[in-house]
>>> print(open('model_21.txt').read())   # compact mmCIF, C-alpha atoms and all ligand atoms
# COMPACT_ATOMS: atom_id res chain seq x y z
CA MET A 106 96.74 128.60 78.20
CA SER A 107 93.78 129.90 80.17
CA SER A 108 93.14 133.64 80.55
CA ASN A 109 94.72 133.87 83.99
CA SER A 110 97.77 131.81 83.01
CA LYS A 111 100.89 133.46 84.45
CA VAL A 112 104.63 133.05 84.27
CA ILE A 113 105.64 132.48 87.87
CA LYS A 114 109.05 131.75 89.29
CA SER A 115 109.11 131.71 93.06
CA THR A 116 107.24 129.36 95.35
CA LYS A 117 107.62 128.80 99.08
CA LEU A 118 106.87 125.48 100.72
CA PHE A 119 105.41 125.55 104.24
CA TRP A 120 108.31 125.30 106.69
CA ASN A 121 106.82 122.12 108.19
CA VAL A 122 107.25 120.29 104.86
CA GLN A 123 110.32 118.31 105.93
CA PHE A 124 109.85 114.68 104.94
CA ILE A 125 110.61 113.03 101.62
CA TYR A 126 107.01 111.89 101.23
CA GLU A 127 105.84 115.51 101.60
CA LEU A 128 108.21 116.71 98.91
CA VAL A 129 106.97 113.89 96.63
CA LEU A 130 103.36 114.94 97.26
CA ALA A 131 104.18 118.65 96.77
CA ARG A 132 105.62 117.78 93.34
CA LYS A 133 102.60 115.62 92.52
CA GLU A 134 100.39 118.54 93.51
CA LEU A 135 102.18 120.76 90.95
CA GLU A 136 101.79 118.05 88.31
CA ALA A 137 98.05 117.72 89.07
CA PHE A 138 97.67 121.40 88.13
CA ASN A 139 99.83 120.94 84.99
CA ILE A 140 102.48 123.24 86.45
CA GLU A 141 105.96 122.99 84.97
CA TYR A 142 108.72 123.06 87.60
CA GLN A 143 112.35 122.33 88.27
CA LEU A 144 113.83 120.98 91.45
CA ASN A 145 117.12 122.74 92.16
CA ASN A 146 119.96 121.69 94.48
CA ASN A 147 118.19 123.05 97.50
CA LEU A 148 115.44 120.42 97.50
CA ARG A 149 112.99 122.80 99.17
CA ASN A 150 113.11 125.17 96.25
CA LEU A 151 110.78 124.22 93.42
CA GLU A 152 111.25 126.67 90.57
CA VAL A 153 108.02 126.99 88.69
CA SER A 154 107.93 128.19 85.11
CA LYS A 155 104.33 128.09 83.96
CA VAL A 156 101.08 127.97 85.96
CA PRO A 157 98.02 127.40 83.73
CA ASN A 158 95.55 128.47 86.42
CA ALA A 159 97.33 130.40 89.18
CA ASP A 160 94.17 131.46 91.07
CA GLU A 161 92.92 127.90 91.35
CA PHE A 162 96.33 126.70 92.53
CA ILE A 163 96.61 129.47 95.15
CA SER A 164 93.20 128.55 96.54
CA ARG A 165 93.75 124.79 96.59
CA THR A 166 97.42 123.98 97.28
CA ALA A 167 98.26 122.10 100.48
CA TYR A 168 102.05 122.33 100.50
CA PHE A 169 102.83 125.84 99.23
CA GLU A 170 102.64 128.78 101.58
CA GLU A 171 103.29 131.39 98.90
CA ILE A 172 103.32 131.64 95.14
CA GLU A 173 105.15 134.72 93.84
CA GLY A 174 104.72 136.38 97.23
CA ILE A 175 100.93 135.77 97.28
CA PRO A 176 99.87 133.76 100.33
CA SER A 177 97.94 130.60 99.52
CA LEU A 178 94.44 130.22 100.96
CA TYR A 179 95.69 127.29 103.05
CA SER A 180 98.25 129.55 104.76
CA LYS A 181 95.35 131.73 105.95
CA ILE A 182 93.17 128.78 106.98
CA THR A 183 95.90 127.14 109.06
CA LYS A 184 96.42 130.34 111.06
CA ALA A 185 92.91 129.99 112.50
CA ASN A 186 94.11 127.74 115.29
CA VAL A 187 93.29 127.79 119.00
CA THR A 188 95.74 124.97 119.76
CA ARG A 189 99.52 124.77 119.94
CA SER A 190 99.63 121.94 117.43
CA LEU A 191 100.28 123.10 113.88
CA ASN A 192 97.84 120.77 112.13
CA GLN A 193 94.95 121.13 114.57
CA TYR A 194 93.57 124.31 112.98
CA LEU A 195 89.87 125.24 112.80
CA THR A 196 87.83 122.37 114.26
CA HIS A 197 90.36 119.60 113.53
CA TRP A 198 91.35 119.44 117.21
CA PHE A 199 87.87 118.47 118.52
CA TYR A 200 88.31 115.30 120.59
CA PRO A 201 91.71 113.65 121.28
CA TYR A 202 91.40 110.90 118.69
CA LYS A 203 94.41 108.63 118.22
CA GLY A 204 95.64 107.64 114.77
CA LYS A 205 94.15 110.38 112.64
CA TYR A 206 95.29 111.73 109.30
CA HIS A 207 97.47 114.77 108.89
CA PRO A 208 94.94 117.22 107.31
CA GLN A 209 97.55 118.61 104.88
CA LEU A 210 97.96 115.11 103.41
CA ILE A 211 94.21 114.89 102.70
CA ARG A 212 94.07 118.33 101.08
CA ALA A 213 97.00 117.26 98.88
CA LEU A 214 95.36 113.94 97.98
CA LEU A 215 92.14 115.72 96.97
CA ASN A 216 94.30 117.82 94.64
CA ILE A 217 96.45 114.98 93.33
CA MET A 218 93.28 112.95 92.65
CA ARG A 219 91.85 116.00 90.84
CA ILE A 220 88.56 115.91 92.76
CA GLN A 221 86.48 118.93 91.74
CA PRO A 222 84.13 121.14 93.79
CA GLY A 223 80.62 119.67 93.66
CA GLU A 224 81.88 116.10 93.27
CA THR A 225 81.29 113.55 96.02
CA ILE A 226 83.93 111.55 97.83
CA LEU A 227 83.58 108.74 100.33
CA ASP A 228 85.55 107.91 103.49
CA SER A 229 83.98 104.74 104.90
CA PHE A 230 86.30 104.86 107.95
CA ILE A 231 85.78 108.55 108.73
CA GLY A 232 87.26 108.34 112.28
CA SER A 233 87.68 111.85 113.65
CA GLY A 234 86.50 113.45 110.38
CA THR A 235 89.72 114.76 108.79
CA THR A 236 88.59 113.87 105.25
CA ALA A 237 85.15 115.43 105.76
CA LEU A 238 86.52 118.79 106.97
CA GLU A 239 89.21 119.04 104.29
CA ALA A 240 86.71 118.15 101.53
CA GLN A 241 84.23 120.69 102.92
CA LEU A 242 86.86 123.45 102.79
CA LEU A 243 87.51 122.70 99.09
CA GLY A 244 83.80 122.70 98.18
CA ILE A 245 83.80 118.92 97.74
CA ASN A 246 80.89 116.84 99.08
CA CYS A 247 81.77 114.03 101.45
CA ILE A 248 79.94 110.94 102.66
CA GLY A 249 81.61 109.83 105.88
CA LEU A 250 80.85 106.63 107.72
CA ASP A 251 82.06 105.01 110.90
CA ILE A 252 80.97 102.15 113.14
CA SER A 253 81.65 104.33 116.19
CA GLU A 254 79.13 106.91 117.33
CA VAL A 255 81.97 108.83 118.99
CA CYS A 256 83.44 109.34 115.50
CA THR A 257 80.21 110.32 113.74
CA ARG A 258 79.37 112.80 116.51
CA VAL A 259 82.85 114.36 116.49
CA THR A 260 82.86 114.61 112.67
CA ARG A 261 79.42 116.22 112.65
CA ALA A 262 80.49 118.76 115.26
CA LYS A 263 83.58 119.64 113.21
CA THR A 264 81.67 120.15 109.97
CA HIS A 265 78.17 121.25 111.04
CA ALA A 266 78.34 123.19 114.32
CA PHE A 267 79.37 126.55 112.78
CA LYS A 268 75.93 126.67 111.07
CA ASN A 269 74.29 127.12 114.51
CA LEU A 270 76.83 129.54 115.97
CA GLU A 271 74.31 131.94 117.52
CA ASP A 272 72.23 129.19 119.17
CA ILE A 273 75.39 127.57 120.50
CA GLU A 274 76.59 130.87 121.97
CA ASN A 275 73.25 131.42 123.71
CA THR A 276 73.10 127.87 125.05
CA PHE A 277 76.67 128.24 126.31
CA LEU A 278 75.66 131.32 128.31
CA THR A 279 72.94 129.32 130.09
CA PHE A 280 75.38 126.45 130.71
CA GLN A 281 77.84 128.86 132.32
CA ASN A 282 75.38 129.17 135.17
CA ILE A 283 75.73 125.48 135.99
CA SER A 284 76.19 125.10 139.71
CA THR A 285 79.80 124.50 140.67
CA ASN A 286 78.70 123.38 144.12
CA LEU A 287 77.80 119.85 143.06
CA SER A 288 79.50 117.59 145.54
CA ASN A 289 81.04 114.89 143.39
CA SER A 290 81.98 114.18 139.82
CA ASP A 291 79.19 111.64 139.17
CA GLU A 292 76.60 114.20 140.21
CA GLU A 293 78.18 116.77 137.86
CA ILE A 294 78.29 114.30 134.99
CA GLU A 295 74.61 113.40 135.35
CA TYR A 296 73.60 117.05 135.67
CA ILE A 297 75.50 118.13 132.54
CA LYS A 298 74.18 115.13 130.63
CA SER A 299 70.56 116.01 131.47
CA MET A 300 71.11 119.67 130.51
CA ILE A 301 72.51 118.61 127.14
CA ASN A 302 69.62 116.18 126.57
CA ASP A 303 67.19 119.07 127.07
CA VAL A 304 68.69 121.05 124.15
CA GLN A 305 66.15 120.96 121.31
CA ASP A 306 68.23 121.42 118.16
CA SER A 307 70.16 118.24 117.31
CA ASN A 308 73.14 120.15 115.89
CA VAL A 309 73.46 122.34 119.00
CA GLN A 310 72.94 119.32 121.24
CA ASN A 311 75.65 117.39 119.38
CA PHE A 312 78.15 120.26 119.83
CA PHE A 313 77.78 120.07 123.61
CA LYS A 314 77.71 116.27 123.58
CA VAL A 315 81.17 116.36 121.96
CA ALA A 316 82.38 118.84 124.61
CA GLU A 317 81.09 116.33 127.17
CA LEU A 318 82.94 113.44 125.44
CA ILE A 319 86.19 115.45 125.48
CA SER A 320 85.67 115.96 129.23
CA HIS A 321 85.23 112.20 129.69
CA SER A 322 88.55 111.79 127.92
CA ASP A 323 90.16 114.48 130.15
CA LYS A 324 88.86 112.63 133.19
CA ALA A 325 90.09 109.20 132.04
CA ARG A 326 93.42 110.18 130.49
CA ARG A 327 94.50 113.34 132.23
CA LYS A 328 92.88 112.53 135.57
CA LYS A 329 91.10 115.88 135.58
CA LYS A 330 88.79 115.87 138.58
CA ASN A 331 86.43 118.80 138.03
CA PHE A 332 84.13 117.60 135.23
CA ASN A 333 82.06 120.77 135.16
CA GLU A 334 85.12 123.00 134.81
CA SER A 335 86.53 120.81 132.06
CA PHE A 336 83.17 120.77 130.21
CA LEU A 337 82.89 124.56 130.24
CA LYS A 338 86.50 125.00 129.15
CA ASN A 339 86.08 122.58 126.27
CA SER A 340 82.80 124.19 125.17
CA GLU A 341 84.37 127.66 125.25
CA LYS A 342 87.42 126.57 123.24
CA MET A 343 85.23 124.74 120.70
CA LEU A 344 83.09 127.86 120.41
CA ARG A 345 86.19 129.92 119.56
CA SER A 346 87.03 127.45 116.79
CA ILE A 347 83.60 127.53 115.18
CA LYS A 348 83.72 131.35 115.27
CA ASP A 349 87.08 131.13 113.49
CA TYR A 350 85.53 128.82 110.93
CA GLU A 351 82.69 131.26 110.28
CA GLN A 352 85.23 134.05 109.85
CA ILE A 353 87.37 132.06 107.40
CA ILE A 354 84.26 131.22 105.36
CA SER A 355 83.09 134.83 105.13
CA ASP A 356 86.54 136.46 104.67
CA ASN A 357 87.40 134.12 101.81
CA LYS A 358 83.88 133.68 100.38
CA LEU A 359 84.24 129.91 100.58
CA ASN A 360 81.64 127.70 98.93
CA LEU A 361 81.65 124.72 101.24
CA GLY A 362 80.98 121.13 100.25
CA GLU A 363 78.06 119.18 101.78
CA THR A 364 78.93 116.58 104.39
CA ASP A 365 76.75 113.56 105.09
CA ILE A 366 77.99 111.74 108.19
CA LYS A 367 76.42 108.41 109.10
CA LEU A 368 76.80 105.60 111.56
CA GLY A 369 77.42 102.49 109.45
CA ASP A 370 79.48 99.49 108.49
CA ALA A 371 82.12 99.82 105.76
CA LYS A 372 81.41 96.18 104.82
CA ASN A 373 77.85 96.99 103.90
CA LEU A 374 77.42 100.49 102.50
CA GLU A 375 73.96 101.97 102.03
CA ILE A 376 75.16 103.89 98.96
CA SER A 377 74.08 103.43 95.33
CA SER A 378 76.46 101.59 93.00
CA GLU A 379 78.82 103.71 90.86
CA SER A 380 77.74 106.97 92.50
CA ILE A 381 81.03 108.13 94.10
CA ASP A 382 83.69 110.33 92.40
CA GLY A 383 86.61 109.37 94.64
CA ILE A 384 87.52 107.49 97.81
CA ILE A 385 90.01 108.45 100.50
CA CYS A 386 90.22 106.29 103.59
CA SER A 387 92.41 104.62 106.13
CA PRO A 388 91.07 101.28 107.38
CA PRO A 389 91.73 100.31 111.01
CA TYR A 390 95.28 99.10 111.57
CA SER A 391 94.61 95.56 112.67
CA ILE A 392 96.42 95.10 115.93
CA ALA A 393 98.27 98.41 116.00
CA LEU A 394 95.49 100.51 117.48
CA ASN A 395 92.45 99.29 119.37
CA TYR A 396 89.77 101.88 118.63
CA VAL A 397 87.34 100.35 121.13
CA GLU A 398 89.82 100.55 124.02
CA ASN A 399 91.04 104.02 122.99
CA ASP A 400 87.56 105.51 123.15
CA LYS A 401 86.13 103.20 125.83
CA HIS A 402 85.24 106.05 128.23
CA ALA A 403 83.42 108.01 125.49
CA LEU A 404 81.61 104.94 124.05
CA GLU A 405 80.43 104.02 127.57
CA ALA A 406 79.27 107.60 128.17
CA LEU A 407 77.10 107.18 125.05
CA GLY A 408 75.61 104.02 126.57
CA TYR A 409 77.55 101.33 124.67
CA ASP A 410 78.77 98.06 126.12
CA THR A 411 82.26 97.85 124.59
CA LYS A 412 82.33 94.04 124.88
CA ILE A 413 79.32 93.86 122.54
CA ILE A 414 80.14 96.68 120.10
CA LYS A 415 83.72 95.35 119.73
CA GLU A 416 82.36 92.58 117.48
CA ASP A 417 81.41 95.17 114.81
CA PHE A 418 84.83 96.86 114.72
CA ILE A 419 87.26 95.69 112.05
CA GLY A 420 90.62 94.56 113.42
CA VAL A 421 89.76 93.91 117.06
CA ARG A 422 87.76 90.69 116.79
CA GLY A 423 89.36 87.37 117.80
CA SER A 424 92.91 86.73 118.98
CA GLY A 425 96.25 85.47 117.60
CA LYS A 426 96.09 84.09 114.05
CA THR A 427 92.27 84.19 114.00
CA LYS A 428 92.39 87.93 114.62
CA ILE A 429 94.52 88.48 111.50
CA ASP A 430 92.34 86.14 109.40
CA LEU A 431 89.18 87.96 110.48
CA TYR A 432 90.87 91.30 109.77
CA ASN A 433 91.83 90.19 106.25
CA GLN A 434 88.32 88.89 105.56
CA ASP A 435 86.77 92.18 106.73
CA LEU A 436 89.18 94.20 104.61
CA ILE A 437 88.14 92.30 101.47
CA LEU A 438 84.46 92.92 102.22
CA SER A 439 85.03 96.65 102.70
CA TYR A 440 87.24 96.93 99.57
CA ASN A 441 84.53 95.14 97.54
CA GLU A 442 81.99 97.69 98.76
CA MET A 443 84.30 100.58 97.78
CA ASP A 444 84.63 99.02 94.34
CA ARG A 445 80.84 98.73 94.01
CA VAL A 446 80.11 102.39 94.82
CA LEU A 447 83.00 104.03 92.91
CA LYS A 448 82.33 105.31 89.38
CA PRO A 449 84.43 103.67 86.61
CA GLY A 450 87.68 105.49 85.80
CA LYS A 451 87.81 107.15 89.25
CA LEU A 452 90.50 107.00 91.95
CA CYS A 453 90.61 105.36 95.35
CA SER A 454 93.27 106.22 97.93
CA ILE A 455 94.00 103.87 100.82
CA VAL A 456 96.46 104.82 103.57
CA ILE A 457 97.56 101.65 105.33
CA GLY A 458 100.59 100.06 107.02
CA ASN A 459 102.02 96.68 107.96
CA ALA A 460 101.80 95.96 111.69
CA THR A 461 104.30 93.71 113.46
CA VAL A 462 102.75 90.95 115.56
CA ASP A 463 104.91 88.53 117.58
CA LYS A 464 107.95 89.91 115.73
CA LYS A 465 106.36 89.05 112.36
CA GLU A 466 105.21 91.66 109.87
CA VAL A 467 101.60 91.32 108.67
CA ASN A 468 101.68 92.27 104.99
CA THR A 469 98.50 94.33 104.83
CA VAL A 470 99.93 96.76 102.24
CA GLU A 471 100.82 94.00 99.76
CA TYR A 472 97.49 92.28 100.51
CA THR A 473 95.59 95.51 99.76
CA ILE A 474 97.47 96.02 96.47
CA GLU A 475 96.71 92.41 95.47
CA ILE A 476 92.98 92.75 96.21
CA PHE A 477 92.64 95.95 94.17
CA GLN A 478 94.69 94.56 91.29
CA ASN A 479 92.48 91.44 91.27
CA LEU A 480 89.50 93.79 90.96
CA GLY A 481 91.18 95.20 87.83
CA TYR A 482 92.51 98.43 89.36
CA SER A 483 95.90 99.89 88.42
CA LEU A 484 98.25 101.17 91.15
CA GLU A 485 98.86 104.83 90.25
CA MET A 486 100.84 105.88 93.31
CA ASN A 487 102.61 104.17 96.23
CA VAL A 488 104.44 106.52 98.60
CA ASP A 489 106.07 105.53 101.91
CA LYS A 490 105.18 107.74 104.87
CA ILE A 491 106.82 107.71 108.30
CA ILE A 492 104.65 107.13 111.41
CA PHE A 493 105.44 108.52 114.84
CA GLY A 494 104.50 107.02 118.17
CA LEU A 495 103.91 103.37 117.21
CA TYR A 496 107.57 102.40 116.80
CA ASN A 497 107.35 98.87 118.15
CA ILE A 498 104.32 97.96 116.02
CA MET A 499 104.45 100.09 112.88
CA GLN A 500 107.16 102.44 111.61
CA LYS A 501 105.67 103.48 108.29
CA GLU A 502 102.51 103.39 106.25
CA ASN A 503 101.87 103.59 102.53
CA ILE A 504 99.80 106.12 100.65
CA LEU A 505 98.27 104.09 97.82
CA VAL A 506 96.20 105.45 94.94
CA PHE A 507 94.35 103.00 92.68
CA LYS A 508 92.42 103.67 89.50
CA LYS A 509 89.21 101.81 88.70
CA PRO A 510 89.10 100.47 85.14
C1 LIG B 601 92.44 104.52 110.98
S1 LIG B 601 90.93 105.03 111.71
C2 LIG B 601 90.44 106.33 110.66
C3 LIG B 601 91.00 107.65 111.10
C4 LIG B 601 90.64 108.79 110.17
N1 LIG B 601 91.31 108.68 108.91
C5 LIG B 601 90.95 110.16 110.81
O1 LIG B 601 91.61 111.00 110.21
O2 LIG B 601 90.51 110.38 111.94
C6 LIG B 601 89.83 103.73 111.33
C7 LIG B 601 88.37 103.92 111.75
O3 LIG B 601 87.64 102.77 111.28
C8 LIG B 601 86.51 102.63 112.15
N2 LIG B 601 85.92 101.29 111.93
C9 LIG B 601 86.24 100.09 112.48
N3 LIG B 601 85.45 99.11 112.00
C10 LIG B 601 84.59 99.70 111.13
C11 LIG B 601 83.52 99.22 110.32
N4 LIG B 601 83.15 97.94 110.32
N5 LIG B 601 82.87 100.11 109.53
C12 LIG B 601 83.19 101.44 109.54
N6 LIG B 601 84.18 101.96 110.32
C13 LIG B 601 84.87 101.11 111.10
C14 LIG B 601 87.10 102.87 113.52
O4 LIG B 601 86.08 103.24 114.42
C15 LIG B 601 88.10 103.99 113.24
O5 LIG B 601 87.49 105.22 113.51
>>> encode(input="model_21.txt", output="structure tokens")
Amino acid sequence: MSSNSKVIKSTKLFWNVQFIYELVLARKELEAFNIEYQLNNNLRNLEVSKVPNADEFISRTAYFEEIEGIPSLYSKITKANVTRSLNQYLTHWFYPYKGKYHPQLIRALLNIMRIQPGETILDSFIGSGTTALEAQLLGINCIGLDISEVCTRVTRAKTHAFKNLEDIENTFLTFQNISTNLSNSDEEIEYIKSMINDVQDSNVQNFFKVAELISHSDKARRKKKNFNESFLKNSEKMLRSIKDYEQIISDNKLNLGETDIKLGDAKNLEISSESIDGIICSPPYSIALNYVENDKHALEALGYDTKIIKEDFIGVRGSGKTKIDLYNQDLILSYNEMDRVLKPGKLCSIVIGNATVDKKEVNTVEYTIEIFQNLGYSLEMNVDKIIFGLYNIMQKENILVFKKP
């Protein structure tokens, strides 16, 4: 037993831990920290008998709100939230991205996979940056890649903007003087765009670019007419979140991980072989979600022709049977790349589901397991997880963890 080993009895799960998969992961989290426990008749009550390193567990756990009355670090972090949505704390809410991870799941996976501070993980489909932010909070380095510039910009704003807090505050003050007398939305959009382009520091500029992209989304999805008003509101709310982040870092003396966010193709990684300590990713869901259509307004605002860029996105090329064949081919290429960059003996987690097309289920989960097993990997974990909001196409996904030989 280590010096701070304690005999602990009571634990309290977060109240939002309600699904079977969450209870399974909470138990796996305890096991990852070599904690002995008993599940009593009230399934929410995990009686813990021995905790070899209580301080480490309190600072890392994703599913426990309290351990012997001591609040976990995560319970403090999740309170820093400017939104009404429970899992959109700190900067997680930046940009209304569809189909993102639940951050708590990623924190738990980093624990279950026993990734240590200072190690480097990869998410080659970084999307809105959930993996990058959760790794950063645990002191774990993250390389995050996406084919979409909307995603790399949003992820960078979530994980880098707090470093330039003062500059961002000052720039915001000058932006507040933007004329509200511009006569139409197009004029406003062009004016804001040119003001952002004039910002010298790339980190500060990117922060406001993301506020602009959120406003494009407000305009397209929520039919908000006043672009200038929306831009200033978004910037102000984002600013509050990066202040919160700064506060959480200093109050809890967090040593953050480094994040390296790049535009790139998961099928062709510019990363050295056997250099990565762990992989967590969720490849695009074939036909279930069209990431080009979802972010069309933001991609166009960045100057992309979506008809051209579509060809680089996995899962949206072709139609009918060809679409599924192309998707399967692209998945193999990206899995091969993950295999190349992962160190031997390390873990790779893929979160993926089977979509239903023309009333037929496409067996992407089984296909993924087969590919990894053919590469010599063992399947260490396979947990079913419910999905909301895609009922007619996909009801559940699987959390898979493979181990490289
Ligand atoms: C399921 S989403 C990932 C969501 C992410 N886990 C999150 O929490 O936001 C899949 C992502 O894969 C990206 N993608 C599609 N084709 C790609 C490719 N060839 N290389 C890298 N990323 C790609 C899409 O842009 C999308 O952001």
>>> residues_near_ligand(input="model_21.txt", ligand="ligand LIG 601 (chain B)", cutoff="8 Å", atoms="only C-alpha atoms and all ligand atoms", output="ChimeraX atom specification")
/A:202-208,228-236,250-253,256,368-372,386-390,396-397,417-420,435,439
>>> residues_around(input="model_21.txt", residues="A:Ala237", least_positions_apart="4", cutoff="8 Å", atoms="all atoms listed in the file", output="ChimeraX atom specification")
/A:228,231,241,247-249,260,264,364
>>> closest_residue(input="model_21.txt", among="A:Arg165, A:Arg149, A:Lys464, A:Lys451", to="A:Asp382", atoms="only C-alpha atoms")
A:Lys451
>>> residues_around(input="model_21.txt", residues="A:Phe336", least_positions_apart="3", cutoff="9 Å", atoms="only C-alpha atoms", output="list in words")
Ile297, Phe313, Ala316, Glu317, Leu318, Ile319, Ser320, His321, Asn331, Phe332, Asn333, Asn339, Ser340 and Glu341 of chain A
>>> residues_near_point(input="model_21.txt", point="(100.7, 125.5, 88.3)", cutoff="10 Å", atoms="all atoms listed in the file", output="list in words")
Ser110, Lys111, Val112, Ile113, Glu134, Leu135, Glu136, Ala137, Phe138, Asn139, Ile140, Glu141, Tyr142, Val153, Ser154, Lys155, Val156, Pro157, Asn158, Ala159, Asp160, Glu161, Phe162, Ile163, Thr166 and Ile172 of chain A
>>> residues_near_point(input="model_21.txt", point="(112.2, 120.4, 97.1)", cutoff="9 Å", atoms="all atoms listed in the file", output="list in words")
Leu118, Ile125, Leu128, Val129, Ala131, Arg132, Leu144, Asn145, Asn146, Asn147, Leu148, Arg149, Asn150 and Leu151 of chain A
>>> closest_residue(input="model_21.txt", among="A:Leu178, A:Val309, A:Ile385, A:Leu130", to="A:Ile455", atoms="all atoms listed in the file")
A:Ile385
>>> closest_residue(input="model_21.txt", among="A:Asn459, A:Gln500, A:Asn373, A:Ser380", to="A:Thr473", atoms="only C-alpha atoms")
A:Asn459
>>> residues_around(input="model_21.txt", residues="stretch 186-199 of chain A", least_positions_apart="3", cutoff="6 Å", atoms="all atoms listed in the file", output="compact mmCIF listing (two decimals) with C-alpha atoms, in the frame of the given file")
# COMPACT_ATOMS: atom_id res chain seq x y z
CA THR A 183 95.90 127.14 109.06
CA LYS A 263 83.58 119.64 113.21
CA SER A 346 87.03 127.45 116.79
CA TYR A 350 85.53 128.82 110.93
>>> closest_residue(input="model_21.txt", among="A:Gln209, A:Gln434, A:Asn468, A:Asn360", to="A:Glu239", atoms="all atoms listed in the file")
A:Gln209
>>> residues_around(input="model_21.txt", residues="A:Gln281", least_positions_apart="4", cutoff="9 Å", atoms="all atoms listed in the file", output="list in words")
Thr276, Phe277 and Leu337 of chain A
>>> closest_residue(input="model_21.txt", among="A:Ser483, A:Ala167, A:Val421, A:Gln143", to="A:Val122", atoms="only C-alpha atoms")
A:Ala167
>>> closest_residue(input="model_21.txt", among="A:Glu271, A:Glu171, A:Glu292, A:Glu502", to="A:Ile347", atoms="all atoms listed in the file")
A:Glu271
>>> residues_around(input="model_21.txt", residues="A:Lys426", least_positions_apart="2", cutoff="12 Å", atoms="only C-alpha atoms", output="short mmCIF file (atom, residue, chain, number, x, y, z; two decimals) with C-alpha atoms, keeping the file's coordinate frame")
data_model
loop_
_atom_site.label_atom_id
_atom_site.label_comp_id
_atom_site.auth_asym_id
_atom_site.auth_seq_id
_atom_site.Cartn_x
_atom_site.Cartn_y
_atom_site.Cartn_z
CA SER A 391 94.61 95.56 112.67
CA ILE A 392 96.42 95.10 115.93
CA GLY A 420 90.62 94.56 113.42
CA ARG A 422 87.76 90.69 116.79
CA GLY A 423 89.36 87.37 117.80
CA SER A 424 92.91 86.73 118.98
CA LYS A 428 92.39 87.93 114.62
CA ILE A 429 94.52 88.48 111.50
CA ASP A 430 92.34 86.14 109.40
CA LEU A 431 89.18 87.96 110.48
CA TYR A 432 90.87 91.30 109.77
CA ASN A 433 91.83 90.19 106.25
CA VAL A 462 102.75 90.95 115.56
CA ASP A 463 104.91 88.53 117.58
CA LYS A 465 106.36 89.05 112.36
CA VAL A 467 101.60 91.32 108.67
#
>>> atom_distance(input="model_21.txt", atom1="atom CA of A:Asn275", atom2="atom CA of A:Ala262")
16.9 Å
